[in-house]
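Here is the structure we will look at, set down as structure tokens.
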Amino acid sequence: MPASSASPGTPRSSAISASSASSSSPSSSLSCAPAPIGNRPDRPCVTELRLSAFAGHRRAGFPLGPLTLFAGRSGCGKTSALRAYEALARLGGGAELGEVFPDPAACVPERARPDAQRRRGFRIGCTADGPEGPVRLDVAVQAEPELRIVGERLSAEGLVLLETALRDPGRRAVQAAWHTAGSAPVTRAPLPDDRLGTALLPLRVAGKTDGQRRVLAAAEQMVVALRSVFACDPRPDRMRGPVPLGSGRLLGGCDNLADVLWRTRTECGRRHAQLVAAVRAGCAGPVADVLAEPLGDGTVRAVLDRGDGPRTALERLGDGELRHLALTLVLLTGPGVLEVDPAGEVPAALQTLTVLADGLDRSLDPRQRDGLLRLATRMCERGHIRLVGAVSDASWAAGTDGVTVVHLDA
């Protein structure tokens with residue numbers, strides 16, 4: 001995809017401006033560089049999101065800490081930043097391009113002009129830190145006239161480990177070259193143009209040379225960092241009624257909250273006690289317990305035990321109370337409860353769950369908002385969970401230890 005098809009302009013982030021390598025024009029050879037050194041986190045995690053040309057973003061780079069809040073007024077690009085992160089996560093999990101971008105034209109910068117072949121597209125990327133040091137992934141996607149990945153680059157410390165490019169527009173494949181450092185410096189082979197090549201490397205690389213093993217280690221770190229993502233936006237209008245008993249895995253809209261409470265209340269007494277304490281702080285009136293009641297028809301409803309007899313069904317709670325309850329439950333559980341697809345071949349102790357929460361403070365009053373922030377910072381400090389949220393105003397969180405605030409300009 002030519003650079004003119006997604007021409008970059010002025011950054012829209014006032015917090016940071018980063019120059020991102022385009023994956024659309026790979027170099028002709030792969031160069032060597034020293035192995036990364038220094039302190040490295042045990043759990044792979046995404047530490048930077050790059051939107052070189054995506055929706056309303058141009059040449060933008062965003063630092064991601066354990067708890068990151070994108071802040072700005074409506075239309076500044078908070079939601080699109082979270083959408084790009086979720087898209088990378090799904091591609092890292094092996095999803096097809098069409099599933100990830102059902103409306104790819106909406107991801108193309110508004111004023112990007114097509115080239116002579118009527119091609120337009122977008123570019124996104126990220127950095128994942130971990131045992132292998134910082135690893136960069138940059139992806140160029142052609143949105144029109146056909147959706148396809150036309151360039152991808154995986155690199156670490158100046159060493160390009162994987163590079164792909166579209167050589168023949170008539171074939172549904174890209175030409176890939178990955179670092180070998182054996183009798184031949186690189187290995188070349190076609191890869192499909194509708195999936196992320198980094199996620200396919202374990203199926204294509206033998207791991208016989210030091211170079212191949214480094215490629216596999218870097219690819220695994222990137223995939224593990226991306227895989228465990230839970231996009232969450234609780235919908236109070238769907239949480240109030242009874243729900244069928246099911247898998248007990250929480251959906252992104254938290255529609256099946258009652259089913260999850262039915263499962264988790266008896267799984268860990270300590271965690272449930274923490275949930276009750278947090279809900280008590282965010283709800284009006286006394287709260288002795290939070291539980292689910294079976295209704296005899298295969299459904300359950302969630303209720304608050306007030307400790308004085310009658311129980312309060314969730315249908316009587318306000319939107320802020322319900323969103324606070326749902327977000328609290330998300331922060332106190334994990335991949336085994338949330339509807340996510342972690343890397344099954346990697347021990348859970350070496351993975352980090354990332355929660356993406358658009359409109360994190362929506363409908364919350366100051367007490368609920370502050371309580372949720374305290375819980376989130378405490379959980380993120382432990383290293384097994386990270387939170388990336390979008391808020392209209394982050395002044396209430398600014399200066400809090402462990403919180404990274406990224407201010408976006410409309």
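Chain labels run A, B, ... following the order of the structure tokens; each chain numbers its residues from 1, and ligands are numbered from 1 in the order shown.
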With only C-alpha atoms as the counted atoms, please give the residues lying no more than 9 Å from A:Pro185, apart from itself and same-chain residues fewer than 5 positions off, as a ChimeraX atom specification.
/A:30,178-180,211
Could you pull out the residues in stretch 95-298 of chain A that DSSP calls strand (DSSP E) from the backbone, as a PyMOL selection string?
chain A and resi 120-129+135-144+148-156+159-165+173-179+186-192+229-232+243-244+289-294
Tell me which protein, DNA and RNA residues are within 6 Å of stretch 289-305 of chain A, counting only C-alpha atoms, leaving out same-chain ones fewer than 5 positions away, and put them as a PyMOL selection string.
chain A and resi 242-245+258+261-262+276+311-314
For A:Gly93, work out the shell of residues within 12 Å, counting only C-alpha atoms and skipping chain neighbours fewer than 3 positions away, then give it as a short mmCIF file (atom, residue, chain, number, x, y, z; two decimals) with N, CA and C atoms, in the first residue's frame.
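Produced file part-v3.cif, reproduced below:
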```
data_model
loop_
_atom_site.label_atom_id
_atom_site.label_comp_id
_atom_site.auth_asym_id
_atom_site.auth_seq_id
_atom_site.Cartn_x
_atom_site.Cartn_y
_atom_site.Cartn_z
N GLU A 86 -8.13 -3.31 20.41
CA GLU A 86 -8.90 -4.56 20.36
C GLU A 86 -8.68 -5.29 19.04
N ALA A 87 -8.55 -4.53 17.94
CA ALA A 87 -8.33 -5.14 16.64
C ALA A 87 -6.98 -5.87 16.61
N LEU A 88 -5.93 -5.26 17.14
CA LEU A 88 -4.63 -5.91 17.20
C LEU A 88 -4.71 -7.18 18.05
N ALA A 89 -5.47 -7.10 19.15
CA ALA A 89 -5.61 -8.26 20.03
C ALA A 89 -6.28 -9.42 19.29
N ARG A 90 -7.32 -9.13 18.55
CA ARG A 90 -8.03 -10.19 17.84
C ARG A 90 -7.17 -10.77 16.71
N GLU A 96 -9.56 -13.73 11.45
CA GLU A 96 -9.46 -13.27 10.07
C GLU A 96 -9.72 -11.77 10.01
N LEU A 97 -9.11 -11.13 9.00
CA LEU A 97 -9.18 -9.68 8.87
C LEU A 97 -10.61 -9.18 8.74
N GLU A 99 -13.32 -10.44 9.96
CA GLU A 99 -14.02 -10.50 11.23
C GLU A 99 -13.64 -9.32 12.12
N VAL A 100 -12.39 -8.92 12.03
CA VAL A 100 -11.88 -7.87 12.89
C VAL A 100 -12.33 -6.49 12.40
N ARG A 195 -4.63 -12.71 7.49
CA ARG A 195 -4.30 -13.02 8.87
C ARG A 195 -2.97 -12.40 9.24
N LEU A 196 -2.77 -12.18 10.52
CA LEU A 196 -1.52 -11.62 10.99
C LEU A 196 -0.41 -12.66 10.88
N GLY A 197 0.66 -12.32 10.17
CA GLY A 197 1.75 -13.26 9.99
C GLY A 197 2.43 -13.62 11.29
N THR A 198 2.54 -12.66 12.22
CA THR A 198 3.18 -12.93 13.51
C THR A 198 2.50 -14.08 14.23
N ALA A 199 1.17 -14.15 14.15
CA ALA A 199 0.44 -15.23 14.82
C ALA A 199 0.61 -16.57 14.14
N LEU A 200 1.04 -16.55 12.87
CA LEU A 200 1.22 -17.79 12.12
C LEU A 200 2.63 -18.34 12.21
N ALA A 219 7.74 -13.49 18.58
CA ALA A 219 6.36 -13.64 18.12
C ALA A 219 5.46 -14.11 19.26
N GLU A 220 5.95 -15.06 20.06
CA GLU A 220 5.16 -15.55 21.19
C GLU A 220 4.91 -14.43 22.19
N MET A 222 4.71 -11.22 21.61
CA MET A 222 3.71 -10.30 21.07
C MET A 222 2.32 -10.90 21.15
N VAL A 223 2.19 -12.18 20.76
CA VAL A 223 0.88 -12.82 20.76
C VAL A 223 0.33 -12.95 22.18
N VAL A 224 1.17 -13.34 23.13
CA VAL A 224 0.71 -13.47 24.52
C VAL A 224 0.30 -12.11 25.07
N ALA A 225 1.04 -11.06 24.74
CA ALA A 225 0.70 -9.73 25.22
C ALA A 225 -0.64 -9.26 24.67
N LEU A 226 -0.94 -9.65 23.44
CA LEU A 226 -2.17 -9.19 22.80
C LEU A 226 -3.39 -10.06 23.11
N ARG A 227 -3.19 -11.35 23.31
CA ARG A 227 -4.31 -12.28 23.32
C ARG A 227 -5.33 -12.01 24.43
N SER A 228 -4.88 -11.82 25.66
CA SER A 228 -5.80 -11.76 26.79
C SER A 228 -6.36 -10.36 26.96
N VAL A 229 -7.32 -10.01 26.10
CA VAL A 229 -7.96 -8.70 26.14
C VAL A 229 -9.46 -8.88 26.31
N VAL A 340 -12.84 -14.25 27.35
CA VAL A 340 -11.61 -13.94 26.62
C VAL A 340 -10.98 -15.25 26.15
N ASP A 341 -10.00 -15.10 25.25
CA ASP A 341 -9.34 -16.27 24.67
C ASP A 341 -7.84 -16.17 24.92
N PRO A 342 -7.37 -16.51 26.13
CA PRO A 342 -5.94 -16.40 26.43
C PRO A 342 -5.14 -17.46 25.67
N ALA A 343 -3.83 -17.27 25.69
CA ALA A 343 -2.95 -18.25 25.03
C ALA A 343 -2.91 -19.51 25.87
N GLY A 344 -3.57 -20.57 25.42
CA GLY A 344 -3.71 -21.78 26.20
C GLY A 344 -2.41 -22.52 26.45
#
```
Shortest contact to A:Val215, candidates A:Ser247, A:Ser183, A:Ser155, A:Ser74, atoms counted only C-alpha atoms, goes to A:Ser155
I'd like to know which of A:Glu132, A:Asp319, A:Glu48, A:Asp193 is closest to A:Tyr85, using only C-alpha atoms.
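Distance minimum relative to A:Tyr85 lands on A:Glu48.
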Near stretch 162-174 of chain A, within 6 Å and counting only C-alpha atoms, which residues show up once chain neighbours fewer than 3 positions away are dropped, as a PyMOL selection string?
chain A and resi 150-154+177-178+190-193
Mind writing the picked residues with N, CA, C and O atoms as a JSON list (two decimals), in the first residue's frame?
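Wrote result_26.json, looks like this:
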```json
[["chain", "number", "residue", "atom", "x", "y", "z"],
["A", 150, "VAL", "N", -1.26, -5.74, 3.69],
["A", 150, "VAL", "CA", -0.29, -5.56, 2.61],
["A", 150, "VAL", "C", 1.13, -5.36, 3.13],
["A", 150, "VAL", "O", 2.08, -5.31, 2.35],
["A", 151, "GLY", "N", 1.30, -5.25, 4.43],
["A", 151, "GLY", "CA", 2.64, -5.12, 4.99],
["A", 151, "GLY", "C", 2.62, -5.34, 6.49],
["A", 151, "GLY", "O", 1.70, -4.92, 7.18],
["A", 152, "GLU", "N", 3.64, -6.02, 6.98],
["A", 152, "GLU", "CA", 3.75, -6.30, 8.41],
["A", 152, "GLU", "C", 5.22, -6.35, 8.77],
["A", 152, "GLU", "O", 6.05, -6.87, 8.00],
["A", 153, "ARG", "N", 5.56, -5.80, 9.91],
["A", 153, "ARG", "CA", 6.95, -5.86, 10.37],
["A", 153, "ARG", "C", 6.99, -6.14, 11.87],
["A", 153, "ARG", "O", 6.36, -5.44, 12.66],
["A", 154, "LEU", "N", 7.72, -7.19, 12.24],
["A", 154, "LEU", "CA", 7.99, -7.53, 13.63],
["A", 154, "LEU", "C", 9.47, -7.30, 13.86],
["A", 154, "LEU", "O", 10.31, -7.86, 13.14],
["A", 177, "ALA", "N", 9.38, -12.68, 4.77],
["A", 177, "ALA", "CA", 10.79, -13.03, 5.00],
["A", 177, "ALA", "C", 11.03, -12.96, 6.50],
["A", 177, "ALA", "O", 10.71, -11.94, 7.13],
["A", 178, "TRP", "N", 11.55, -14.04, 7.07],
["A", 178, "TRP", "CA", 11.83, -14.00, 8.50],
["A", 178, "TRP", "C", 13.29, -14.36, 8.77],
["A", 178, "TRP", "O", 13.93, -15.10, 8.02],
["A", 190, "PRO", "N", 5.37, -17.49, 1.06],
["A", 190, "PRO", "CA", 4.12, -16.73, 1.05],
["A", 190, "PRO", "C", 3.31, -16.98, 2.33],
["A", 190, "PRO", "O", 3.36, -18.07, 2.90],
["A", 191, "LEU", "N", 2.59, -15.96, 2.75],
["A", 191, "LEU", "CA", 1.66, -16.08, 3.86],
["A", 191, "LEU", "C", 0.32, -15.50, 3.41],
["A", 191, "LEU", "O", 0.28, -14.61, 2.54],
["A", 192, "PRO", "N", -0.80, -15.95, 3.97],
["A", 192, "PRO", "CA", -2.10, -15.40, 3.58],
["A", 192, "PRO", "C", -2.20, -13.92, 3.93],
["A", 192, "PRO", "O", -1.60, -13.45, 4.90],
["A", 193, "ASP", "N", -2.98, -13.18, 3.13],
["A", 193, "ASP", "CA", -3.09, -11.74, 3.35],
["A", 193, "ASP", "C", -4.29, -11.36, 4.21],
["A", 193, "ASP", "O", -4.62, -10.18, 4.33]]
```
In stretch 259-316 of chain A, what's helix (DSSP H, G or I) per DSSP? Answer as a PyMOL selection string?
chain A and resi 259-264+269-282+314-316
With distances taken over only C-alpha atoms, which residue among A:Gly359, A:Pro286, A:Gly402, A:Gly307 lies nearest A:Arg378?
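The answer is A:Gly402, which sits nearest to A:Arg378.
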Identify, on the basis of only C-alpha atoms, every residue whose closest approach to A:Arg249 does not exceed 8 Å; exclude the query and any residue fewer than 6 positions from it along the same chain; express the result as JSON, numbers by chain.
{"A": [260, 336, 337, 338, 339]}
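Between atom CA of A:Leu91 and atom CA of A:Gly130 there is a distance of 19.4 Å.
The interatomic distance for the pair atom CA of A:Val391 and atom CA of A:Asp365 works out to 13.3 Å.
Comparing the minimum interatomic distances between A:Arg123 and each of A:Ala176, A:Ala55, A:Leu317, A:Leu216, counting only C-alpha atoms, we find that A:Ala55 sits nearest.
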Between atom CA of A:Pro131 and atom CA of A:Asp210, what is the spacing in Å?
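Pair atom CA of A:Asp210 / atom CA of A:Pro131 returns 16.1 Å.
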Tell me which of A:Val406, A:Leu353, A:Arg386, A:Gly282 sits closest to A:Arg367, counting only C-alpha atoms.
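Under the stated criterion, the closest residue is A:Gly282.
Proximity to A:Leu67 was assessed for A:Gly253, A:Pro114, A:Gly399, A:Gly389 counting only C-alpha atoms; the smallest distance is recorded for A:Gly389.
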10 Å contact set for A:Ala81, only C-alpha atoms, chain neighbours under 6 positions out, as a PyMOL selection string
chain A and resi 49-51+54-57+60+62+70+87+124+358+390
